[in-house]
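Q: One file: query.txt (compact mmCIF, C-alpha atoms).
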```txt
# COMPACT_ATOMS: atom_id res chain seq x y z
CA MET N 1 -38.77 -7.82 2.68
CA THR N 2 -39.01 -4.17 1.73
CA ALA N 3 -37.06 -1.52 3.61
CA GLU N 4 -40.26 -0.32 5.24
CA GLU N 5 -41.04 -3.79 6.62
CA ILE N 6 -37.49 -4.07 7.98
CA LEU N 7 -37.84 -0.64 9.61
CA ASN N 8 -41.16 -1.59 11.20
CA THR N 9 -39.69 -4.85 12.50
CA LEU N 10 -36.77 -2.98 14.09
CA LYS N 11 -39.05 -0.31 15.56
CA ALA N 12 -41.35 -2.91 17.08
CA ARG N 13 -38.48 -4.89 18.51
CA PHE N 14 -36.01 -2.20 19.64
CA GLY N 15 -38.08 0.98 19.78
CA ASP N 16 -35.71 3.78 20.79
CA ALA N 17 -32.62 2.15 19.20
CA VAL N 18 -33.90 3.44 15.83
CA VAL N 19 -32.82 7.08 15.60
CA GLU N 20 -33.69 8.13 12.07
CA SER N 21 -34.51 6.64 8.68
CA LYS N 22 -34.91 7.58 5.02
CA LEU N 23 -36.63 5.13 2.73
CA ASP N 24 -37.47 7.12 -0.45
CA VAL N 25 -33.89 6.91 -1.78
CA PRO N 26 -32.18 4.31 -4.03
CA GLN N 27 -30.48 2.78 -0.98
CA PRO N 28 -32.88 3.12 1.99
CA TRP N 29 -31.09 3.59 5.28
CA ILE N 30 -31.86 3.27 8.97
CA SER N 31 -29.81 5.13 11.56
CA LEU N 32 -29.32 3.32 14.85
CA ASN N 33 -28.02 4.02 18.34
CA PRO N 34 -24.28 3.17 18.14
CA ALA N 35 -24.34 1.61 21.63
CA ARG N 36 -26.96 -0.95 20.54
CA MET N 37 -25.50 -1.86 17.14
CA LYS N 38 -24.61 -5.42 18.10
CA GLU N 39 -28.00 -6.61 19.36
CA VAL N 40 -29.74 -5.16 16.28
CA ALA N 41 -27.16 -6.80 14.01
CA GLU N 42 -27.64 -10.15 15.74
CA VAL N 43 -31.39 -10.05 15.16
CA LEU N 44 -31.05 -8.95 11.52
CA HIS N 45 -28.58 -11.78 10.96
CA ASP N 46 -30.46 -14.55 12.77
CA ASP N 47 -34.14 -13.75 12.22
CA PRO N 48 -35.52 -16.04 9.47
CA SER N 49 -37.51 -13.19 7.90
CA THR N 50 -34.48 -10.92 7.41
CA GLN N 51 -31.46 -13.28 7.41
CA PHE N 52 -28.82 -10.69 6.48
CA ASP N 53 -25.95 -13.14 6.11
CA THR N 54 -23.60 -10.79 4.21
CA LEU N 55 -21.97 -7.58 5.34
CA MET N 56 -21.05 -6.18 1.91
CA CYS N 57 -19.25 -3.13 3.16
CA LEU N 58 -18.49 -1.22 6.34
CA SER N 59 -17.32 2.36 5.90
CA GLY N 60 -16.39 5.28 8.10
CA ILE N 61 -17.44 8.89 7.50
CA ASP N 62 -16.44 12.27 8.91
CA TYR N 63 -19.48 14.52 8.44
CA ASN N 64 -17.38 17.62 9.23
CA ASN N 65 -19.89 18.84 11.82
CA GLY N 66 -18.40 17.17 14.87
CA LYS N 67 -19.94 13.82 14.01
CA LEU N 68 -18.45 10.57 12.81
CA GLY N 69 -20.42 7.75 11.25
CA VAL N 70 -20.21 4.10 10.37
CA VAL N 71 -22.24 2.78 7.43
CA TYR N 72 -23.12 -0.89 7.03
CA HIS N 73 -24.35 -2.29 3.69
CA LEU N 74 -26.18 -5.55 4.33
CA PHE N 75 -27.38 -8.16 1.85
CA SER N 76 -29.27 -11.39 2.30
CA MET N 77 -28.26 -14.21 -0.02
CA VAL N 78 -31.44 -16.08 0.92
CA HIS N 79 -34.04 -13.33 0.47
CA ARG N 80 -32.11 -11.18 -2.02
CA HIS N 81 -32.88 -7.97 -0.16
CA LYS N 82 -30.63 -5.15 1.00
CA ILE N 83 -30.59 -2.51 3.71
CA VAL N 84 -28.18 0.21 4.81
CA LEU N 85 -27.56 0.83 8.50
CA LYS N 86 -25.86 3.86 10.01
CA ALA N 87 -24.36 4.42 13.43
CA ILE N 88 -23.51 8.04 14.10
CA CYS N 89 -21.37 9.12 17.05
CA THR N 90 -19.60 12.31 18.09
CA LYS N 91 -15.89 13.13 17.76
CA GLU N 92 -15.64 13.54 21.54
CA GLU N 93 -17.16 10.09 22.20
CA PRO N 94 -16.29 8.06 19.09
CA HIS N 95 -17.64 4.73 20.36
CA VAL N 96 -19.63 2.21 18.28
CA GLN N 97 -20.38 -1.37 19.23
CA SER N 98 -18.43 -3.91 17.20
CA VAL N 99 -20.34 -6.35 14.96
CA THR N 100 -17.35 -8.67 14.44
CA SER N 101 -19.08 -11.44 16.41
CA VAL N 102 -22.00 -11.28 13.94
CA TRP N 103 -20.13 -10.88 10.64
CA ALA N 104 -16.43 -11.88 10.72
CA THR N 105 -15.92 -9.59 7.70
CA ALA N 106 -16.35 -6.64 10.02
CA ASN N 107 -13.09 -7.41 11.82
CA TRP N 108 -10.66 -5.78 9.36
CA HIS N 109 -13.21 -3.23 8.14
CA GLU N 110 -13.61 -1.95 11.68
CA ARG N 111 -9.86 -1.85 12.13
CA GLU N 112 -9.64 0.28 8.99
CA ALA N 113 -12.38 2.65 10.19
CA PHE N 114 -10.52 2.92 13.50
CA ASP N 115 -7.22 3.56 11.70
CA MET N 116 -8.57 6.24 9.37
CA TYR N 117 -11.21 7.96 11.57
CA GLY N 118 -10.41 7.00 15.14
CA ILE N 119 -13.79 5.37 15.70
CA VAL N 120 -13.42 2.99 18.64
CA PHE N 121 -15.34 -0.25 18.20
CA ASP N 122 -16.23 -1.54 21.65
CA GLU N 123 -15.79 -5.28 22.20
CA HIS N 124 -13.66 -5.65 19.04
CA PRO N 125 -11.28 -8.63 19.55
CA ASP N 126 -8.16 -6.94 18.13
CA LEU N 127 -8.56 -3.22 17.51
CA ARG N 128 -5.16 -2.23 16.06
CA ARG N 129 -4.21 -0.02 13.14
CA ILE N 130 -4.36 -1.98 9.88
CA LEU N 131 -2.88 0.36 7.25
CA MET N 132 -0.79 3.01 8.96
CA PRO N 133 2.29 2.14 11.07
CA TYR N 134 1.54 1.36 14.71
CA ASP N 135 3.46 4.44 15.91
CA TRP N 136 1.55 6.84 13.62
CA GLU N 137 -0.18 9.73 15.34
CA GLY N 138 -3.68 10.85 14.41
CA HIS N 139 -6.29 9.51 12.04
CA PRO N 140 -5.58 10.69 8.47
CA LEU N 141 -9.06 10.75 6.90
CA ARG N 142 -10.55 13.07 9.50
CA LYS N 143 -11.40 16.43 7.95
CA ASP N 144 -9.36 18.34 10.54
CA TYR N 145 -6.27 16.15 10.08
CA LYS N 146 -2.95 17.93 9.59
CA VAL N 147 -0.13 16.11 7.77
CA PRO N 148 2.92 15.93 10.07
CA GLU N 149 6.15 17.67 9.02
CA TYR N 150 8.29 14.64 9.85
CA TYR N 151 7.73 10.96 10.47
CA ASN N 152 10.67 9.02 11.98
CA GLY N 153 13.10 11.62 10.65
CA MET N 154 11.65 11.54 7.11
CA LYS N 155 10.18 14.75 5.72
CA VAL N 156 6.56 14.15 4.74
CA PRO N 157 5.37 17.18 2.69
CA TYR N 158 6.61 17.56 -0.90
CA MET T 1 32.58 -19.18 -33.46
CA GLY T 2 32.39 -16.68 -30.63
CA LEU T 3 33.55 -13.11 -30.63
CA LEU T 4 36.58 -13.67 -28.42
CA ASP T 5 37.80 -16.65 -30.49
CA GLN T 6 38.00 -14.43 -33.56
CA ARG T 7 40.03 -11.79 -31.75
CA PHE T 8 42.51 -14.02 -29.99
CA GLU T 9 43.40 -16.73 -32.46
CA ASN T 10 46.45 -18.34 -30.90
CA GLY T 11 47.21 -16.59 -27.63
CA ASN T 12 45.26 -16.52 -24.39
CA VAL T 13 46.96 -13.48 -22.90
CA PHE T 14 45.73 -9.94 -23.29
CA VAL T 15 46.38 -6.74 -21.46
CA THR T 16 43.87 -4.40 -19.84
CA SER T 17 43.67 -2.31 -16.71
CA LEU T 18 42.34 -3.84 -13.49
CA GLU T 19 39.77 -1.10 -13.36
CA ASN T 20 38.43 -1.98 -16.78
CA LEU T 21 38.27 -5.66 -15.92
CA LEU T 22 36.46 -5.10 -12.63
CA ASN T 23 34.01 -2.62 -14.12
CA TRP T 24 33.31 -4.96 -17.04
CA ALA T 25 32.66 -7.83 -14.64
CA ARG T 26 30.40 -5.72 -12.46
CA LEU T 27 28.30 -4.20 -15.21
CA SER T 28 27.85 -7.57 -16.91
CA SER T 29 26.39 -9.31 -13.87
CA LEU T 30 24.24 -6.83 -11.97
CA TYR T 31 22.24 -9.17 -9.75
CA GLN T 32 18.87 -7.72 -8.94
CA MET T 33 17.23 -7.48 -5.55
CA GLN T 34 13.97 -9.31 -6.17
CA PHE T 35 11.15 -7.16 -4.87
CA GLY T 36 8.50 -4.79 -6.16
CA LEU T 37 6.19 -2.31 -4.50
CA ALA T 38 3.28 -1.37 -6.77
CA CYS T 39 2.15 -1.27 -10.40
CA CYS T 40 5.71 -0.50 -11.57
CA ALA T 41 6.61 -3.99 -10.35
CA ILE T 42 4.29 -5.43 -13.01
CA GLU T 43 6.32 -3.66 -15.70
CA MET T 44 9.50 -4.85 -14.01
CA MET T 45 8.17 -8.42 -14.18
CA ALA T 46 7.34 -7.89 -17.86
CA ALA T 47 10.94 -6.77 -18.35
CA SER T 48 12.07 -10.03 -16.75
CA ALA T 49 9.83 -12.15 -18.97
CA SER T 50 10.72 -13.51 -22.40
CA ASP T 51 9.63 -10.51 -24.52
CA PHE T 52 12.19 -8.18 -22.98
CA ASP T 53 14.45 -10.72 -21.31
CA ILE T 54 16.34 -8.73 -18.69
CA MET T 55 18.81 -11.63 -18.30
CA ARG T 56 20.61 -10.65 -21.50
CA PHE T 57 22.04 -7.76 -19.44
CA GLY T 58 23.28 -10.28 -16.87
CA ILE T 59 20.54 -9.39 -14.42
CA ILE T 60 19.38 -12.30 -12.30
CA PRO T 61 16.83 -11.80 -9.54
CA ARG T 62 18.14 -12.74 -6.09
CA ALA T 63 15.80 -13.24 -3.16
CA THR T 64 18.20 -11.78 -0.59
CA PRO T 65 19.82 -8.36 -0.39
CA ARG T 66 23.17 -9.97 0.51
CA GLN T 67 23.52 -11.43 -2.97
CA ALA T 68 22.19 -8.40 -4.83
CA ASP T 69 24.07 -5.60 -6.59
CA VAL T 70 21.20 -3.46 -7.80
CA MET T 71 17.84 -2.60 -6.31
CA PHE T 72 14.94 -1.50 -8.51
CA VAL T 73 12.66 0.59 -6.36
CA ALA T 74 9.62 -0.21 -8.47
CA GLY T 75 6.58 1.59 -7.13
CA THR T 76 5.11 3.82 -4.44
CA VAL T 77 7.31 4.09 -1.37
CA THR T 78 5.03 4.55 1.64
CA LEU T 79 6.44 5.91 4.86
CA LYS T 80 5.80 2.51 6.40
CA MET T 81 7.87 0.84 3.66
CA ALA T 82 10.63 3.46 3.61
CA SER T 83 12.35 2.21 6.77
CA ARG T 84 12.22 -1.35 5.37
CA ILE T 85 13.81 -0.20 2.11
CA LYS T 86 16.52 1.55 4.07
CA ARG T 87 17.19 -1.67 5.97
CA LEU T 88 17.32 -3.75 2.76
CA TYR T 89 19.72 -1.22 1.27
CA ASP T 90 21.94 -1.40 4.34
CA GLN T 91 22.04 -5.20 4.00
CA MET T 92 23.31 -5.08 0.42
CA ALA T 93 27.06 -5.53 -0.04
CA GLU T 94 29.01 -2.78 -1.77
CA PRO T 95 29.22 -1.85 -4.59
CA ARG T 96 25.48 -1.38 -4.64
CA TYR T 97 23.28 0.56 -7.02
CA ILE T 98 19.73 1.88 -6.94
CA ILE T 99 17.41 2.41 -9.88
CA SER T 100 14.36 4.44 -8.91
CA MET T 101 11.57 3.32 -11.23
CA GLY T 102 8.47 5.41 -11.90
CA SER T 103 7.13 8.76 -10.77
CA CYS T 104 6.18 7.60 -7.25
CA ALA T 105 9.68 6.44 -6.35
CA ASN T 106 11.21 9.47 -8.11
CA CYS T 107 9.22 12.25 -6.45
CA GLY T 108 5.95 10.97 -4.97
CA GLY T 109 4.10 10.93 -8.31
CA PRO T 110 0.33 11.47 -8.04
CA TYR T 111 0.62 11.43 -4.24
CA TRP T 112 2.82 14.52 -4.14
CA GLU T 113 0.23 16.82 -2.57
CA HIS T 114 -2.37 14.79 -0.65
CA GLY T 115 -0.39 11.62 0.00
CA TYR T 116 0.03 11.80 3.76
CA HIS T 117 1.40 8.25 3.68
CA VAL T 118 3.86 8.49 0.76
CA LEU T 119 7.55 9.35 0.86
CA LYS T 120 8.07 12.05 -1.78
CA GLY T 121 10.98 10.39 -3.52
CA VAL T 122 13.01 7.38 -2.39
CA ASP T 123 16.15 9.55 -2.58
CA ARG T 124 15.11 10.99 0.79
CA VAL T 125 16.23 7.75 2.44
CA ILE T 126 18.73 6.08 0.06
CA PRO T 127 21.03 7.43 -2.70
CA VAL T 128 19.70 6.85 -6.22
CA ASP T 129 21.92 6.22 -9.28
CA VAL T 130 19.38 6.26 -12.10
CA TYR T 131 15.87 7.69 -12.23
CA VAL T 132 13.47 6.10 -14.73
CA PRO T 133 10.49 8.40 -15.44
CA GLY T 134 7.01 7.13 -16.34
CA CYS T 135 3.79 6.11 -14.68
CA PRO T 136 4.53 3.28 -14.93
CA PRO T 137 7.55 3.21 -17.27
CA ARG T 138 7.38 0.67 -20.06
CA PRO T 139 9.85 -2.24 -19.84
CA GLU T 140 11.92 -0.55 -22.59
CA ALA T 141 12.32 2.47 -20.30
CA LEU T 142 13.60 0.23 -17.51
CA LEU T 143 16.04 -1.40 -19.93
CA GLU T 144 17.24 2.09 -20.91
CA GLY T 145 17.75 2.81 -17.20
CA ILE T 146 19.80 -0.38 -16.85
CA ILE T 147 21.97 0.63 -19.82
CA LYS T 148 22.49 4.06 -18.23
CA LEU T 149 23.55 2.36 -15.01
CA GLN T 150 25.97 0.13 -16.94
CA GLU T 151 27.49 3.26 -18.53
CA LYS T 152 27.93 4.69 -15.06
CA VAL T 153 29.60 1.52 -13.75
CA ARG T 154 31.88 1.44 -16.81
CA LYS T 155 33.26 4.89 -15.89
CA GLU T 156 33.93 4.00 -12.24
CA SER T 157 37.39 4.27 -10.79
CA LEU T 158 39.08 2.26 -8.03
CA VAL T 159 40.82 5.27 -6.55
CA LYS T 160 38.46 8.08 -7.38
CA LYS T 161 34.98 7.58 -5.93
CA SER T 162 32.29 8.59 -8.38
CA ALA T 163 29.65 11.01 -7.15
```
Translate the structure of the given file into structure tokens.
A:
Amino acid sequence: MTAEEILNTLKARFGDAVVESKLDVPQPWISLNPARMKEVAEVLHDDPSTQFDTLMCLSGIDYNNGKLGVVYHLFSMVHRHKIVLKAICTKEEPHVQSVTSVWATANWHEREAFDMYGIVFDEHPDLRRILMPYDWEGHPLRKDYKVPEYYNGMKVPY
Amino acid sequence: MGLLDQRFENGNVFVTSLENLLNWARLSSLYQMQFGLACCAIEMMAASASDFDIMRFGIIPRATPRQADVMFVAGTVTLKMASRIKRLYDQMAEPRYIISMGSCANCGGPYWEHGYHVLKGVDRVIPVDVYVPGCPPRPEALLEGIIKLQEKVRKESLVKKSA
């Protein structure tokens, strides 16, 4: 399936869940409503025409304009086609639906995006920090992050 | 025949100071705390392998801090790891020595400015005896560091604590 066919399928099925899209780029992407991520992911995974069985990558982004994003790179081993999904939320309400129940790979990726950007994945089975210590404050890859002077009595800056 | 046989042909008594004897024993069997942190650990492993053969200095890796005399801090010390290193150091019996291996353990290395997660030098949590520069240092550099440490141990005194 081409990206356009995938977009049309999603539009026909979910309508307003599709927020934005750009198809004339090397990696065509479709932006979706972060609160409806899971149902869209389930259909893309299960539908015989799309069958996206592989979540290649899940990344977090701070757009530096008050918005945070999650980017999903999907691949189908059966059909050999790819698509990029985006879920963009605000810094005040950083909530995105978890897709761990669809792709188990997403579990640790979502924990990392939570650790680094503070994006809360609703319905995630075990949303803890994965890289930073549990008692760490803040989310280090946010653009407005300030490095603390001390951590547990250890000086952090050079 | 061996070196000692040639020097002491008929007798088996010789005189030295207790200090010399203890220092010689210590520097000839510096048991190593067996752990590595990052890419420096690969060079440390190469130093242990047959090409460089760290055992000729009497260094044997031990899997517990309680049996170790020297700790090679080989790699990037993250803030998360720093408290664990401190605990391992506290568990080692005295006399204990630390060799800081590589730029990261020495001063933060490439993470010195933007590394929010890296301790800028392991000497902020434990005292270091020898710093080995390099990114990562070659096994020869680590061996040089071990020889420097042996020189330091050789000069130790029972009554006067070395700095």
Q: Need the neighbours of (-32.3, 0.3, 6.3): which residues are at most 12 Å away, counting only C-alpha atoms, as a ChimeraX atom specification?
A: /N:1-11,18-32,40-41,44,50,52,71-75,81-87
Q: For chain N, work out the contacting residues on chain T at 9 Å, counting only C-alpha atoms, and write them as JSON, numbers by chain.
A: {"T": [79, 80, 82, 83, 107, 108, 112, 113, 114, 115, 116, 117, 118, 119, 120, 121, 124, 125]}
Q: Looking at only C-alpha atoms, which of T:Leu149, T:Ala93, T:Val73, T:Leu88 is the one that sits closest to Met44 of chain T?
A: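 Looking at the shortest contact to Met44 of chain T, the residue is T:Val73.
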Q: Smallest atom-to-atom distance to Phe52 of chain T: which of T:Gln32, T:Glu140, T:Leu158, T:Asn20, using all atoms listed in the file?
A: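 Of T:Gln32, T:Glu140, T:Leu158, T:Asn20, the one nearest Phe52 of chain T, counting all atoms listed in the file, is T:Glu140.
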Q: If you count only C-alpha atoms, which residues fall within 10 Å of Met71 of chain T, apart from same-chain ones fewer than 6 positions away, as a PyMOL selection string?
A: chain T and resi 30-36+61+65+85+88-89+92+96-101+128
Q: Output C-alpha atoms for every residue in the selection just made, as a PDB file, in the coordinates of the input.
A:
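Printed below is again30.pdb as written:
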```pdb
ATOM      1  CA  LEU T  30      24.240  -6.830 -11.970  1.00  0.00           C
ATOM      2  CA  TYR T  31      22.240  -9.170  -9.750  1.00  0.00           C
ATOM      3  CA  GLN T  32      18.870  -7.720  -8.940  1.00  0.00           C
ATOM      4  CA  MET T  33      17.230  -7.480  -5.550  1.00  0.00           C
ATOM      5  CA  GLN T  34      13.970  -9.310  -6.170  1.00  0.00           C
ATOM      6  CA  PHE T  35      11.150  -7.160  -4.870  1.00  0.00           C
ATOM      7  CA  GLY T  36       8.500  -4.790  -6.160  1.00  0.00           C
ATOM      8  CA  PRO T  61      16.830 -11.800  -9.540  1.00  0.00           C
ATOM      9  CA  PRO T  65      19.820  -8.360  -0.390  1.00  0.00           C
ATOM     10  CA  ILE T  85      13.810  -0.200   2.110  1.00  0.00           C
ATOM     11  CA  LEU T  88      17.320  -3.750   2.760  1.00  0.00           C
ATOM     12  CA  TYR T  89      19.720  -1.220   1.270  1.00  0.00           C
ATOM     13  CA  MET T  92      23.310  -5.080   0.420  1.00  0.00           C
ATOM     14  CA  ARG T  96      25.480  -1.380  -4.640  1.00  0.00           C
ATOM     15  CA  TYR T  97      23.280   0.560  -7.020  1.00  0.00           C
ATOM     16  CA  ILE T  98      19.730   1.880  -6.940  1.00  0.00           C
ATOM     17  CA  ILE T  99      17.410   2.410  -9.880  1.00  0.00           C
ATOM     18  CA  SER T 100      14.360   4.440  -8.910  1.00  0.00           C
ATOM     19  CA  MET T 101      11.570   3.320 -11.230  1.00  0.00           C
ATOM     20  CA  VAL T 128      19.700   6.850  -6.220  1.00  0.00           C
TER      21      VAL T 128
END
```
Q: By how many Å are atom CA of Gln91 of chain T and atom CA of Pro127 of chain T apart?
A: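 So the two atoms, atom CA of Gln91 of chain T and atom CA of Pro127 of chain T, lie 14.3 Å apart.
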Q: Each side padded by 4 Å, which centre and which edge lengths in Å (one decimal) define the axis-aligned box around the listed atoms of segment 45-61 of chain T? Give them as JSON.
A:
```
{"center_x": 15.3, "center_y": -10.1, "center_z": -17.0, "size_x": 23.9, "size_y": 14.7, "size_z": 23.0}
```
Q: At a cut-off of 10 Å, using all atoms listed in the file, what residues contact Lys152 of chain T? Leave out same-chain residues fewer than 2 positions from it and give the result as a ChimeraX atom specification.
A: /T:23,27,129-130,146-150,154-156,162
Q: What separation in Å, quoted to one decimal, exists between atom CA of Asn65 of chain N and atom CA of Asn33 of chain N?
A: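 Interatomic distance, atom CA of Asn65 of chain N to atom CA of Asn33 of chain N: 18.1 Å.
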Q: Neighbours of Leu68 of chain N within 9 Å (all atoms listed in the file; same-chain residues fewer than 2 positions away dropped), as a PyMOL selection string?
A: chain N and resi 60-66+70+87-91+94+117+119+142
Q: Taking C-alpha atoms for each residue, export the selection above as a CSV table (one decimal), keeping the file's coordinate frame.
A:
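As a result, selection-v1.csv now contains:
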```
chain,number,residue,atom,x,y,z
N,60,GLY,CA,-16.4,5.3,8.1
N,61,ILE,CA,-17.4,8.9,7.5
N,62,ASP,CA,-16.4,12.3,8.9
N,63,TYR,CA,-19.5,14.5,8.4
N,64,ASN,CA,-17.4,17.6,9.2
N,65,ASN,CA,-19.9,18.8,11.8
N,66,GLY,CA,-18.4,17.2,14.9
N,70,VAL,CA,-20.2,4.1,10.4
N,87,ALA,CA,-24.4,4.4,13.4
N,88,ILE,CA,-23.5,8.0,14.1
N,89,CYS,CA,-21.4,9.1,17.0
N,90,THR,CA,-19.6,12.3,18.1
N,91,LYS,CA,-15.9,13.1,17.8
N,94,PRO,CA,-16.3,8.1,19.1
N,117,TYR,CA,-11.2,8.0,11.6
N,119,ILE,CA,-13.8,5.4,15.7
N,142,ARG,CA,-10.6,13.1,9.5
```
Q: May I ask for the distance between atom CA of Thr100 of chain N and atom CA of Met116 of chain N, given in Å to one decimal place?
A: 18.0 Å
Q: Which of these residues is nearest to Asp122 of chain N, using all atoms listed in the file: N:Ser98, N:Gln51, N:Asn107, N:Ser76?
A: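 Using all atoms listed in the file, Asp122 of chain N sits closest to N:Ser98.
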Q: Choose the residue, out of T:Asp123, T:Arg84, T:Ser157, T:Leu143, that has the smallest atom-to-atom separation from Gly58 of chain T; count only C-alpha atoms.
A: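 Smallest distance to Gly58 of chain T is found for T:Leu143.
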Q: Can you tell me which residues surround Ala47 of chain T at a distance of at most 7 Å, considering only C-alpha atoms, apart from same-chain residues fewer than 6 positions away, and format the answer as a PyMOL selection string?
A: chain T and resi 53-54+139
Q: Give me segment 22-33 of chain T with N, CA and C atoms filled in, as a PDB file, in the coordinates of the input.
A:
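The resulting file, rebuild_22.pdb, is reproduced below:
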```pdb
ATOM      1  N   LEU T  22      37.436  -5.063 -13.716  1.00  0.00           N
ATOM      2  CA  LEU T  22      36.460  -5.100 -12.630  1.00  0.00           C
ATOM      3  C   LEU T  22      35.129  -4.475 -13.045  1.00  0.00           C
ATOM      4  N   ASN T  23      35.236  -3.304 -13.698  1.00  0.00           N
ATOM      5  CA  ASN T  23      34.010  -2.620 -14.120  1.00  0.00           C
ATOM      6  C   ASN T  23      33.226  -3.476 -15.111  1.00  0.00           C
ATOM      7  N   TRP T  24      33.976  -4.107 -16.045  1.00  0.00           N
ATOM      8  CA  TRP T  24      33.310  -4.960 -17.040  1.00  0.00           C
ATOM      9  C   TRP T  24      32.605  -6.127 -16.359  1.00  0.00           C
ATOM     10  N   ALA T  25      33.270  -6.714 -15.353  1.00  0.00           N
ATOM     11  CA  ALA T  25      32.660  -7.830 -14.640  1.00  0.00           C
ATOM     12  C   ALA T  25      31.417  -7.386 -13.884  1.00  0.00           C
ATOM     13  N   ARG T  26      31.530  -6.211 -13.261  1.00  0.00           N
ATOM     14  CA  ARG T  26      30.400  -5.720 -12.460  1.00  0.00           C
ATOM     15  C   ARG T  26      29.191  -5.386 -13.330  1.00  0.00           C
ATOM     16  N   LEU T  27      29.438  -4.654 -14.415  1.00  0.00           N
ATOM     17  CA  LEU T  27      28.300  -4.200 -15.210  1.00  0.00           C
ATOM     18  C   LEU T  27      27.675  -5.342 -16.004  1.00  0.00           C
ATOM     19  N   SER T  28      28.391  -6.452 -16.144  1.00  0.00           N
ATOM     20  CA  SER T  28      27.850  -7.570 -16.910  1.00  0.00           C
ATOM     21  C   SER T  28      27.087  -8.563 -16.038  1.00  0.00           C
ATOM     22  N   SER T  29      27.125  -8.375 -14.731  1.00  0.00           N
ATOM     23  CA  SER T  29      26.390  -9.310 -13.870  1.00  0.00           C
ATOM     24  C   SER T  29      25.787  -8.551 -12.692  1.00  0.00           C
ATOM     25  N   LEU T  30      24.912  -7.596 -13.020  1.00  0.00           N
ATOM     26  CA  LEU T  30      24.240  -6.830 -11.970  1.00  0.00           C
ATOM     27  C   LEU T  30      23.085  -7.663 -11.431  1.00  0.00           C
ATOM     28  N   TYR T  31      23.321  -8.359 -10.315  1.00  0.00           N
ATOM     29  CA  TYR T  31      22.240  -9.170  -9.750  1.00  0.00           C
ATOM     30  C   TYR T  31      21.218  -8.246  -9.106  1.00  0.00           C
ATOM     31  N   GLN T  32      19.967  -8.614  -9.321  1.00  0.00           N
ATOM     32  CA  GLN T  32      18.870  -7.720  -8.940  1.00  0.00           C
ATOM     33  C   GLN T  32      18.263  -8.173  -7.624  1.00  0.00           C
ATOM     34  N   MET T  33      17.983  -7.198  -6.779  1.00  0.00           N
ATOM     35  CA  MET T  33      17.230  -7.480  -5.550  1.00  0.00           C
ATOM     36  C   MET T  33      15.777  -7.722  -5.952  1.00  0.00           C
TER      37      MET T  33
END
```
